Every structure is written in structure tokens, then in C-alpha cells.
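Below is work_2.txt, which holds compact mmCIF, C-alpha atoms.
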```txt
# COMPACT_ATOMS: atom_id res chain seq x y z
CA MET A 19 76.09 63.35 58.80
CA SER A 20 77.41 61.56 61.86
CA ILE A 21 80.73 63.35 61.40
CA VAL A 22 79.00 66.75 61.59
CA LEU A 23 77.04 65.66 64.67
CA ASP A 24 80.22 64.29 66.24
CA ILE A 25 82.00 67.60 65.61
CA LEU A 26 79.19 69.47 67.37
CA GLY A 27 79.08 66.80 70.09
CA THR A 28 82.80 67.19 70.74
CA TRP A 29 82.22 70.80 71.83
CA ARG A 30 79.67 69.56 74.42
CA ALA A 31 81.26 66.30 75.59
CA PRO A 32 84.73 65.78 74.07
CA ARG A 33 85.58 62.68 76.12
CA GLN A 34 82.42 60.80 75.18
CA VAL A 35 82.80 61.52 71.47
CA GLN A 36 86.51 60.68 71.47
CA ALA A 37 85.76 57.43 73.34
CA ARG A 38 83.09 56.46 70.83
CA ARG A 39 85.36 57.23 67.87
CA MET A 40 88.21 55.24 69.43
CA ALA A 41 86.07 52.13 69.76
CA GLY A 42 87.00 49.49 67.23
CA PRO A 43 90.22 48.39 65.60
CA PRO A 44 92.84 50.90 64.35
CA ARG A 45 92.00 52.30 60.91
CA GLU A 46 94.97 54.24 59.58
CA ASP A 47 93.17 55.11 56.33
CA ARG A 48 90.33 56.67 58.32
CA ALA A 49 92.78 58.63 60.47
CA LEU A 50 94.42 60.06 57.35
CA ALA A 51 91.01 60.93 55.88
CA ILE A 52 90.09 62.82 59.08
CA LEU A 53 93.40 64.68 59.05
CA LEU A 54 93.06 65.62 55.36
CA ALA A 55 89.47 66.75 55.92
CA ALA A 56 90.59 68.94 58.85
CA CYS A 57 93.49 70.42 56.90
CA GLY A 58 91.27 70.97 53.84
CA LEU A 59 88.66 72.83 55.87
CA ILE A 60 91.29 74.92 57.65
CA TYR A 61 92.64 75.75 54.19
CA VAL A 62 89.13 76.92 53.21
CA ALA A 63 89.10 79.00 56.41
CA GLN A 64 92.17 80.86 55.09
CA TRP A 65 90.42 82.05 51.91
CA PRO A 66 88.87 85.27 53.31
CA ARG A 67 92.18 86.28 54.92
CA LEU A 68 94.07 85.55 51.70
CA ALA A 69 91.53 87.58 49.69
CA ARG A 70 91.94 90.49 52.10
CA GLU A 71 95.73 90.33 51.94
CA ALA A 72 95.68 90.12 48.12
CA HIS A 73 93.39 93.17 48.04
CA LEU A 74 95.63 95.16 50.38
CA ASP A 75 98.88 94.03 48.74
CA PRO A 76 98.29 93.23 45.04
CA SER A 77 101.99 92.52 44.45
CA ILE A 78 101.21 88.86 45.23
CA ALA A 79 98.08 87.73 43.36
CA LEU A 80 95.28 85.83 45.12
CA ASP A 81 95.80 82.63 43.11
CA ALA A 82 99.50 82.55 44.07
CA ARG A 83 98.58 83.00 47.74
CA MET A 84 95.93 80.27 47.48
CA ALA A 85 98.34 77.89 45.74
CA GLY A 86 100.91 78.44 48.49
CA ALA A 87 98.32 77.87 51.21
CA LEU A 88 97.03 74.76 49.40
CA PHE A 89 100.49 73.23 49.36
CA ALA A 90 101.05 74.19 52.99
CA TRP A 91 97.74 72.86 54.30
CA LEU A 92 97.32 69.74 52.15
CA MET A 93 100.94 68.60 51.84
CA VAL A 94 103.09 70.05 54.61
CA MET A 95 100.71 70.39 57.56
CA PRO A 96 99.43 66.77 57.45
CA LEU A 97 103.04 65.59 57.78
CA ALA A 98 103.62 68.15 60.53
CA PHE A 99 100.62 66.80 62.47
CA TYR A 100 101.91 63.24 62.07
CA ALA A 101 105.27 64.42 63.44
CA LEU A 102 103.56 66.30 66.28
CA SER A 103 101.55 63.19 67.18
CA LEU A 104 104.71 61.08 67.21
CA VAL A 105 106.47 63.56 69.50
CA LEU A 106 103.42 63.65 71.76
CA HIS A 107 103.37 59.85 71.86
CA LEU A 108 107.06 59.71 72.81
CA VAL A 109 106.56 62.34 75.53
CA LEU A 110 103.58 60.44 76.95
CA ARG A 111 105.50 57.17 76.90
CA ALA A 112 108.44 58.83 78.66
CA ALA A 113 105.96 60.12 81.24
CA GLY A 114 104.69 56.59 81.82
CA VAL A 115 101.30 56.99 80.12
CA ALA A 116 100.30 53.73 78.47
CA THR A 117 98.95 54.47 75.00
CA THR A 118 99.71 53.66 71.37
CA ALA A 119 100.99 55.92 68.59
CA PHE A 120 97.80 55.29 66.63
CA ARG A 121 95.51 56.36 69.49
CA VAL A 122 97.54 59.55 69.96
CA ARG A 123 97.21 60.28 66.23
CA GLN A 124 93.50 59.59 66.42
CA ALA A 125 93.10 61.99 69.36
CA VAL A 126 95.07 64.79 67.70
CA PHE A 127 93.48 64.43 64.25
CA TRP A 128 89.94 64.34 65.60
CA ALA A 129 90.66 67.33 67.86
CA LEU A 130 91.80 69.25 64.79
CA LEU A 131 88.68 68.34 62.79
CA ALA A 132 86.36 69.07 65.71
CA SER A 133 87.91 72.51 66.17
CA VAL A 134 87.24 73.45 62.51
CA PRO A 135 84.14 75.62 63.28
CA ALA A 136 86.38 77.92 65.33
CA TRP A 137 88.99 77.99 62.54
CA LEU A 138 86.29 78.88 60.00
CA LEU A 139 85.02 81.68 62.24
CA SER A 140 88.53 83.02 62.80
CA GLY A 141 89.11 82.93 59.03
CA LEU A 142 85.93 84.95 58.45
CA ILE A 143 86.95 87.52 61.06
CA ALA A 144 90.47 87.72 59.58
CA GLY A 145 88.91 88.36 56.16
CA PHE A 146 86.26 90.90 57.11
CA ASP A 147 87.83 92.65 60.08
CA GLY A 148 91.58 91.94 59.88
CA ASP A 149 93.81 91.90 62.93
CA GLY A 150 92.09 92.93 66.13
CA ALA A 151 90.72 91.81 69.47
CA ALA A 152 87.97 89.65 67.91
CA LEU A 153 90.47 87.73 65.80
CA THR A 154 92.78 87.23 68.79
CA VAL A 155 89.92 85.89 70.91
CA VAL A 156 88.55 83.49 68.27
CA SER A 157 92.02 82.29 67.24
CA THR A 158 92.81 81.62 70.90
CA VAL A 159 89.56 79.67 71.21
CA ALA A 160 90.47 77.62 68.12
CA VAL A 161 93.94 76.74 69.43
CA ALA A 162 92.56 76.06 72.91
CA ALA A 163 89.88 73.79 71.41
CA VAL A 164 92.56 71.72 69.66
CA GLY A 165 94.46 71.44 72.95
CA LEU A 166 91.42 70.59 75.07
CA PHE A 167 89.97 68.07 72.60
CA THR A 168 93.39 66.43 72.24
CA ALA A 169 93.72 66.21 76.01
CA ALA A 170 90.26 64.64 76.23
CA GLY A 171 91.20 62.13 73.53
CA LEU A 172 94.50 61.30 75.19
CA SER A 173 92.83 60.71 78.54
CA VAL A 174 90.44 58.29 76.83
CA ALA A 175 93.30 56.60 74.95
CA GLY A 176 95.30 56.26 78.16
CA ALA A 177 92.31 54.82 80.02
CA ARG A 178 91.64 52.34 77.21
CA ALA A 179 95.27 51.18 77.16
CA GLU A 180 95.20 50.59 80.92
CA THR A 181 92.06 48.45 80.72
CA VAL A 182 93.49 46.29 77.86
CA MET B 4 86.07 45.89 34.77
CA PHE B 5 85.95 49.71 34.67
CA SER B 6 82.75 50.04 36.73
CA GLU B 7 83.93 47.37 39.17
CA LEU B 8 87.25 49.15 39.61
CA MET B 9 85.46 52.47 40.08
CA ARG B 10 83.17 50.97 42.74
CA GLU B 11 86.03 49.24 44.54
CA THR B 12 88.15 52.41 44.51
CA PHE B 13 85.79 54.10 46.93
CA ARG B 14 84.40 51.08 48.80
CA ASN B 15 87.63 49.17 49.24
CA PRO B 16 90.60 51.21 47.94
CA ARG B 17 93.19 48.66 49.03
CA GLY B 18 91.33 45.96 47.06
CA ALA B 19 91.16 48.21 44.00
CA ALA B 20 94.90 48.91 44.25
CA ALA B 21 95.60 45.19 44.47
CA MET B 22 93.36 44.64 41.45
CA LEU B 23 95.33 47.22 39.42
CA ALA B 24 98.71 45.89 40.55
CA GLY B 25 97.55 42.37 39.72
CA LEU B 26 97.02 43.31 36.06
CA ASN B 27 100.82 43.02 35.67
CA LEU B 28 100.80 45.27 32.63
CA PRO B 29 104.12 45.53 30.78
CA GLY B 30 106.06 48.79 31.20
CA ARG B 31 105.33 50.09 27.70
CA THR B 32 101.58 49.60 28.13
CA ALA B 33 101.70 51.31 31.52
CA TRP B 34 103.46 54.37 30.04
CA MET B 35 100.85 54.50 27.27
CA ALA B 36 98.11 54.44 29.92
CA LEU B 37 99.80 57.33 31.72
CA ALA B 38 100.06 59.34 28.47
CA ALA B 39 96.38 58.68 27.74
CA SER B 40 95.29 59.75 31.24
CA LEU B 41 97.38 62.93 30.97
CA ALA B 42 95.84 63.70 27.56
CA ILE B 43 92.38 63.40 29.14
CA SER B 44 93.53 65.60 32.03
CA VAL B 45 94.73 68.31 29.62
CA LEU B 46 91.45 68.15 27.68
CA VAL B 47 89.38 68.42 30.88
CA THR B 48 91.36 71.29 32.37
CA GLU B 49 91.64 73.28 29.11
CA PRO B 50 88.14 74.86 29.44
CA MET B 51 89.11 76.03 32.96
CA PHE B 52 92.13 77.83 31.55
CA GLN B 53 89.88 79.37 28.87
CA LEU B 54 87.23 80.43 31.40
CA ALA B 55 89.67 81.87 33.95
CA PRO B 56 90.27 85.64 33.93
CA PRO B 57 93.36 86.72 31.95
CA ASP B 58 96.70 86.28 33.78
CA THR B 59 95.21 83.94 36.40
CA PHE B 60 97.46 81.10 35.26
CA GLY B 61 100.21 83.22 33.68
CA GLU B 62 100.97 83.08 29.96
CA PRO B 63 98.43 80.92 28.05
CA ILE B 64 99.89 77.67 26.69
CA ALA B 65 98.44 75.66 23.80
CA PRO B 66 96.93 72.32 24.95
CA LEU B 67 99.41 70.27 22.91
CA MET B 68 102.35 72.17 24.40
CA ARG B 69 100.88 71.72 27.92
CA PHE B 70 100.58 67.99 27.25
CA LEU B 71 104.21 67.84 26.07
CA VAL B 72 105.38 69.72 29.19
CA THR B 73 103.23 67.60 31.52
CA ILE B 74 104.54 64.27 30.19
CA PRO B 75 108.18 64.59 31.40
CA PHE B 76 107.14 66.27 34.66
CA THR B 77 104.64 63.51 35.51
CA GLY B 78 107.03 60.81 34.31
CA ALA B 79 109.69 62.18 36.64
CA LEU B 80 107.15 62.40 39.48
CA VAL B 81 106.07 58.77 39.07
CA TRP B 82 109.68 57.62 38.84
CA ALA B 83 110.53 59.63 41.99
CA ILE B 84 107.59 58.10 43.87
CA TRP B 85 108.76 54.62 42.88
CA LYS B 86 112.43 55.32 43.71
CA ILE B 87 111.80 56.99 47.09
CA ALA B 88 109.31 54.29 48.08
CA SER B 89 111.82 51.58 47.07
CA ILE B 90 114.48 53.21 49.25
CA MET B 91 111.96 53.17 52.13
CA GLY B 92 111.29 49.46 51.66
CA GLY B 93 108.49 49.55 49.07
CA THR B 94 108.11 46.44 46.93
CA ALA B 95 106.11 47.52 43.85
CA ASP B 96 107.69 47.67 40.40
CA LEU B 97 107.67 50.82 38.28
CA ALA B 98 104.93 49.58 35.91
CA GLN B 99 102.55 49.02 38.85
CA VAL B 100 103.21 52.54 40.12
CA ILE B 101 102.54 53.99 36.66
CA VAL B 102 99.27 52.05 36.32
CA VAL B 103 98.03 53.17 39.74
CA PHE B 104 99.03 56.79 39.08
CA SER B 105 97.27 56.70 35.68
CA TRP B 106 94.05 55.42 37.24
CA LEU B 107 94.11 58.10 39.94
CA GLU B 108 94.89 60.79 37.35
CA LEU B 109 91.83 59.64 35.40
CA LEU B 110 89.68 59.84 38.54
CA LEU B 111 90.99 63.35 39.27
CA SER B 112 90.07 64.36 35.72
CA LEU B 113 86.54 63.05 36.26
CA GLY B 114 86.30 65.02 39.53
CA LEU B 115 87.49 68.18 37.76
CA LEU B 116 85.01 67.54 34.95
CA ALA B 117 82.22 67.42 37.54
CA MET B 118 83.59 70.68 38.94
CA LEU B 119 83.49 72.22 35.46
CA VAL B 120 79.82 71.25 35.05
CA LEU B 121 79.04 72.65 38.51
CA LEU B 122 80.77 75.89 37.51
CA PHE B 123 77.79 76.56 35.22
CA VAL B 124 75.06 75.14 37.45
CA LEU B 125 76.13 76.08 41.02
CA PRO B 126 79.27 78.23 40.75
CA PRO B 127 79.79 78.77 44.52
CA LEU B 128 80.02 75.01 45.08
CA ALA B 129 82.41 74.37 42.18
CA GLY B 130 85.51 75.48 44.09
CA LEU B 131 84.62 73.32 47.09
CA LEU B 132 83.99 70.31 44.84
CA GLY B 133 87.39 70.87 43.20
CA LEU B 134 89.04 71.03 46.61
CA GLY B 135 87.16 67.89 47.66
CA ALA B 136 88.37 66.12 44.50
CA ILE B 137 91.98 67.07 45.27
CA MET B 138 91.65 65.91 48.90
CA ALA B 139 90.10 62.60 47.80
CA TRP B 140 92.89 62.25 45.22
CA ILE B 141 95.60 62.74 47.87
CA TRP B 142 93.88 60.27 50.20
CA LEU B 143 93.42 57.66 47.46
CA GLN B 144 97.05 58.06 46.39
CA SER B 145 98.18 57.38 49.95
CA VAL B 146 95.98 54.30 50.36
CA PHE B 147 96.71 52.90 46.87
CA PHE B 148 100.47 53.38 47.14
CA ALA B 149 100.50 51.98 50.70
CA GLN B 150 98.87 48.84 49.30
CA ILE B 151 101.13 48.29 46.29
CA PHE B 152 104.35 49.20 48.14
CA GLY B 153 103.38 47.00 51.09
CA PHE B 154 103.44 49.86 53.63
CA ALA B 155 101.49 49.29 56.83
CA THR B 156 100.23 52.87 57.00
CA PRO B 157 99.04 55.25 54.26
CA ALA B 158 100.91 58.02 56.10
CA LYS B 159 104.21 56.57 54.88
CA ALA B 160 102.94 56.57 51.29
CA PHE B 161 101.68 60.13 51.79
CA ALA B 162 105.18 61.18 52.92
CA VAL B 163 106.67 59.46 49.86
CA VAL B 164 104.33 61.36 47.52
CA VAL B 165 105.13 64.71 49.20
CA MET B 166 108.89 64.03 49.04
CA ALA B 167 108.58 63.08 45.35
CA TRP B 168 106.65 66.29 44.59
CA VAL B 169 109.24 68.43 46.38
CA ALA B 170 112.16 66.59 44.71
CA VAL B 171 110.69 66.93 41.20
CA TYR B 172 109.71 70.56 41.81
CA VAL B 173 113.20 71.51 43.05
CA PHE B 174 114.86 69.54 40.25
CA GLY B 175 112.53 71.17 37.70
CA ILE B 176 113.39 74.67 38.96
CA LEU B 177 117.09 73.82 38.78
CA ILE B 178 116.78 72.57 35.20
CA LEU B 179 114.71 75.60 34.19
CA SER B 180 117.19 78.01 35.79
CA ILE B 181 120.08 76.28 33.98
CA VAL B 182 118.19 76.37 30.67
CA ALA B 183 117.11 80.01 31.19
CA GLY B 184 120.64 80.96 32.34
CA GLY B 185 122.13 79.27 29.28
CA GLY B 186 119.61 81.02 27.05
CA GLN B 187 120.56 84.44 28.43
CA GLY B 188 124.33 83.84 28.40
```
Output the structure of this file as C-alpha cells.
Amino acid sequence: MSIVLDILGTWRAPRQVQARRMAGPPREDRALAILLAACGLIYVAQWPRLAREAHLDPSIALDARMAGALFAWLMVMPLAFYALSLVLHLVLRAAGVATTAFRVRQAVFWALLASVPAWLLSGLIAGFDGDGAALTVVSTVAVAAVGLFTAAGLSVAGARAETV
Amino acid sequence: MFSELMRETFRNPRGAAAMLAGLNLPGRTAWMALAASLAISVLVTEPMFQLAPPDTFGEPIAPLMRFLVTIPFTGALVWAIWKIASIMGGTADLAQVIVVFSWLELLLSLGLLAMLVLLFVLPPLAGLLGLGAIMAWIWLQSVFFAQIFGFATPAKAFAVVVMAWVAVYVFGILILSIVAGGGQG
């Protein structure tokens, strides 16, 4: 339950929630669990869109589309987010920000999980309404949420590293 | 032993992986365990194939044939996991990898069995439970393999598993295309 409350809390006060979640020793297994949960839920968010696309273009069946999305979101995207976090860590280090690779991962992965409500909403809109202004707005909010929550987490991680 | 291992798997996965690796089962026994877990997996998933609408999973295959097809594919997958992990500095031997994979395959089968039951009781939740079982399976694989290979992070083990899947899938397609090409020519 605390995860759900923390997700909602991140939309109100991202820095506080990120700081609380970063307290304690590094737990790589927990970071991976958060990333897989985020990717799994974003995969679920794709279902309505995939159903719509399968209905409009039956040449590719729904189960084939879902299998492709499953592989993409549960196998490829987690690795992509690890790579993204590593790149972000290297950029921050080059810029002189004192933080660790783990804290950057933690910030990015939690930002992704916390932004899931927006991804689910954008998936629903993509399924029921298709492309349009509403989808553009909600998708932009989802991407912006990932960016803002990551920035909040990174500022906390940077502050923590400086105090150590 | 079984209930303790089951409890430890979710409470302390690294401890459970160490427990399995510590069994030091001989290779032949480990392969038998894998075959048994795959047989259970085929039995558990067979009702899903029967219940699914026609053409959902392509041409229907008899359970025995599916078992015989699954054995070499999974064997190759486990070998690829072991080989790739060894190249990346992993220290486990092949028998340990097979034992861990067999245990996780059995757990996945139990998760899918729960999903099958839910399909009759609460159908809308069955799909989500199945997805949850697959996510837990991927996470447990990463943590278990990180432990037995001596990797510091489960992410490295996760990358190994993904690379092994891709390698076996590509190799399988190549073999099938050669066999199919030979059959046509």
C-alpha cells in the first residue's frame, strides 16, 4: 500500500518522496523490482491502444501485438532504462554533480513508476479516442512527469552525495 | 525442504538461490529436474491452449509434441545463460544453472495454475495475475542468477537472460529456416 501512497505523494511532493525512498543502503534488487513494475504497468497501459489497432488493422492479430509489446516492455525497455540511467550518471559526473550510479538509477526508476497513472490514462485515451489533442496532452504530461520526477530525485541524490 | 525453499524464495531470494546451488546436484539429476519441471509446465499450460479461441496460438500441438519441442529450446536457453554469464565473469557451473532454472520454471507453473483457477472465478483479474507471475519470474531469475554467478547487481543477470533469449530465438529461427528451406528444396 505504501507504494501506491508514495506514487500519489510523488505527484504532490516529488522531492520529499524521492528523499524518503533514497534513505537507507542501496538495494539493487528493489531497484530492479521497481523498474519491472513500472514497465509492466506501462505494458498494461498499451493494451487498449493495441486492441484498437488490431481492430482497425486485423492483418496483425491482437495476441501477436501483445506478445511484441510484452517483449519490448519487459525485456528491452528495462535494459534501455538501465542504459539511460548510466548515460545520465556519466553526464552528471562530467558536469561535476556528485552522485552515484545507483542513486541515478533509483531516481529514474521511481520517476517512471510514479508517472504510471499518466501512462495508464494516455493508454485509455489512445484506445478509446485514438490520436488527437487529448492523447497529445496526456502523453506530454506523462513524459514531463518522468522528467520532473527524475529531476527531483537527482537533486535529492546530488544533495545527499554532497552531505556524505 | 520444499516449503522452506518456497518461503525463502520470496523472503530472501539470494538465500534461496544459495540453498539451491549448495545442493550440488550432479548434471544428470539437474537435467532430469528440468525435464520434470517442463513436463509440469506443459500440463499446466495445456488447458489454456484448449480454452483459448481457435487460432490464438496458431496450429494446435499435442502436449507430448510440445514437451518434445520445449526440451531442446529450454536446454539451449539454459546453456546460453550459463555460457554468456561465464563469459561475463559468472562462476556457477551448468548443473547449478539448470537447478535454479528448474525451480523458477516450477514456480512460474504454479503462478500460471493460479491464473487458470482465477480464469473461472474472476476472469478480469486472471490476465493481470499472469502478467504479475511473469514479472515476478523475471525478477526472481535476475536475483537468483546474480547470486549463483556472483554478480553484484541483478541487472547484469537480467541482461544475461535477455541476451540468452535473443541468441536462442535467433538461432532457432535460423535452424527452422534451414530445415524448412531444405524441406522445400
(Q) Residues of chain B within 10 Å of chain A, counting only C-alpha atoms - could you list those as a ChimeraX atom specification? (A) /B:16-17,58-60,130-131,134-135,137-139,141-143,145-146,149,155-159,161-162,164-166,168-169
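Going from atom CA of B:Leu116 to atom CA of B:Met22 covers 25.2 Å.
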Exercise for review: Write out as a PyMOL selection string the residues lying within 9 Å of stretch 129-144 of chain A, counting only C-alpha atoms and excluding same-chain residues fewer than 3 positions away.
Suggested key: chain A and resi 22+24-29+32+36+52-53+55-57+59-60+62-68+70+124-126+147-150+152-157+159-171
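Considering the residues B:Gln53, B:Asn27, B:Ser6, B:Asn15 and counting only C-alpha atoms, B:Val102 has its shortest atom-to-atom contact with B:Asn27.
Among the candidates B:Ala38, B:Ile87, B:Met51, B:Val103, the residue lying nearest to B:Thr73 is B:Ala38 (atoms considered: all atoms listed in the file).
Considering all atoms listed in the file, the residue among A:Ala85, A:Ile78, A:Val35, A:Val122 positioned nearest to A:Ala101 is A:Val122.
Restricting the calculation to all atoms listed in the file, the smallest distance between B:Val45 and any of B:Val173, B:Leu80, B:Ala183, B:Leu109 is found for B:Leu109.
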Computed gap from atom CA of B:Met91 to atom CA of B:Val163 is 8.5 Å
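Atom pair atom CA of B:Phe174 / atom CA of B:Ile74 has a distance of 15.3 Å (rounded to one decimal).
Near (108.3, 56.9, 34.8), the residues inside the 10 Å limit, counting only C-alpha atoms, come to Gly30, Ala33, Trp34, Leu37, Ile74, Pro75, Phe76, Thr77, Gly78, Ala79, Leu80, Val81, Trp82, Ala83, Ile84, Trp85, Lys86, Leu97, Ala98, Val100 and Ile101 of chain B.
You can rank B:Phe52, B:Phe123, B:Trp140, B:Phe147 by their closest distance to B:Gln99 using all atoms listed in the file, and at the top of that list sits B:Phe147.
Of the residues under consideration (B:Gly133, B:Gly18, B:Pro127, B:Gly25), B:Gly25 shows the shortest atom-to-atom contact distance to B:Ala95 when counting all atoms listed in the file.
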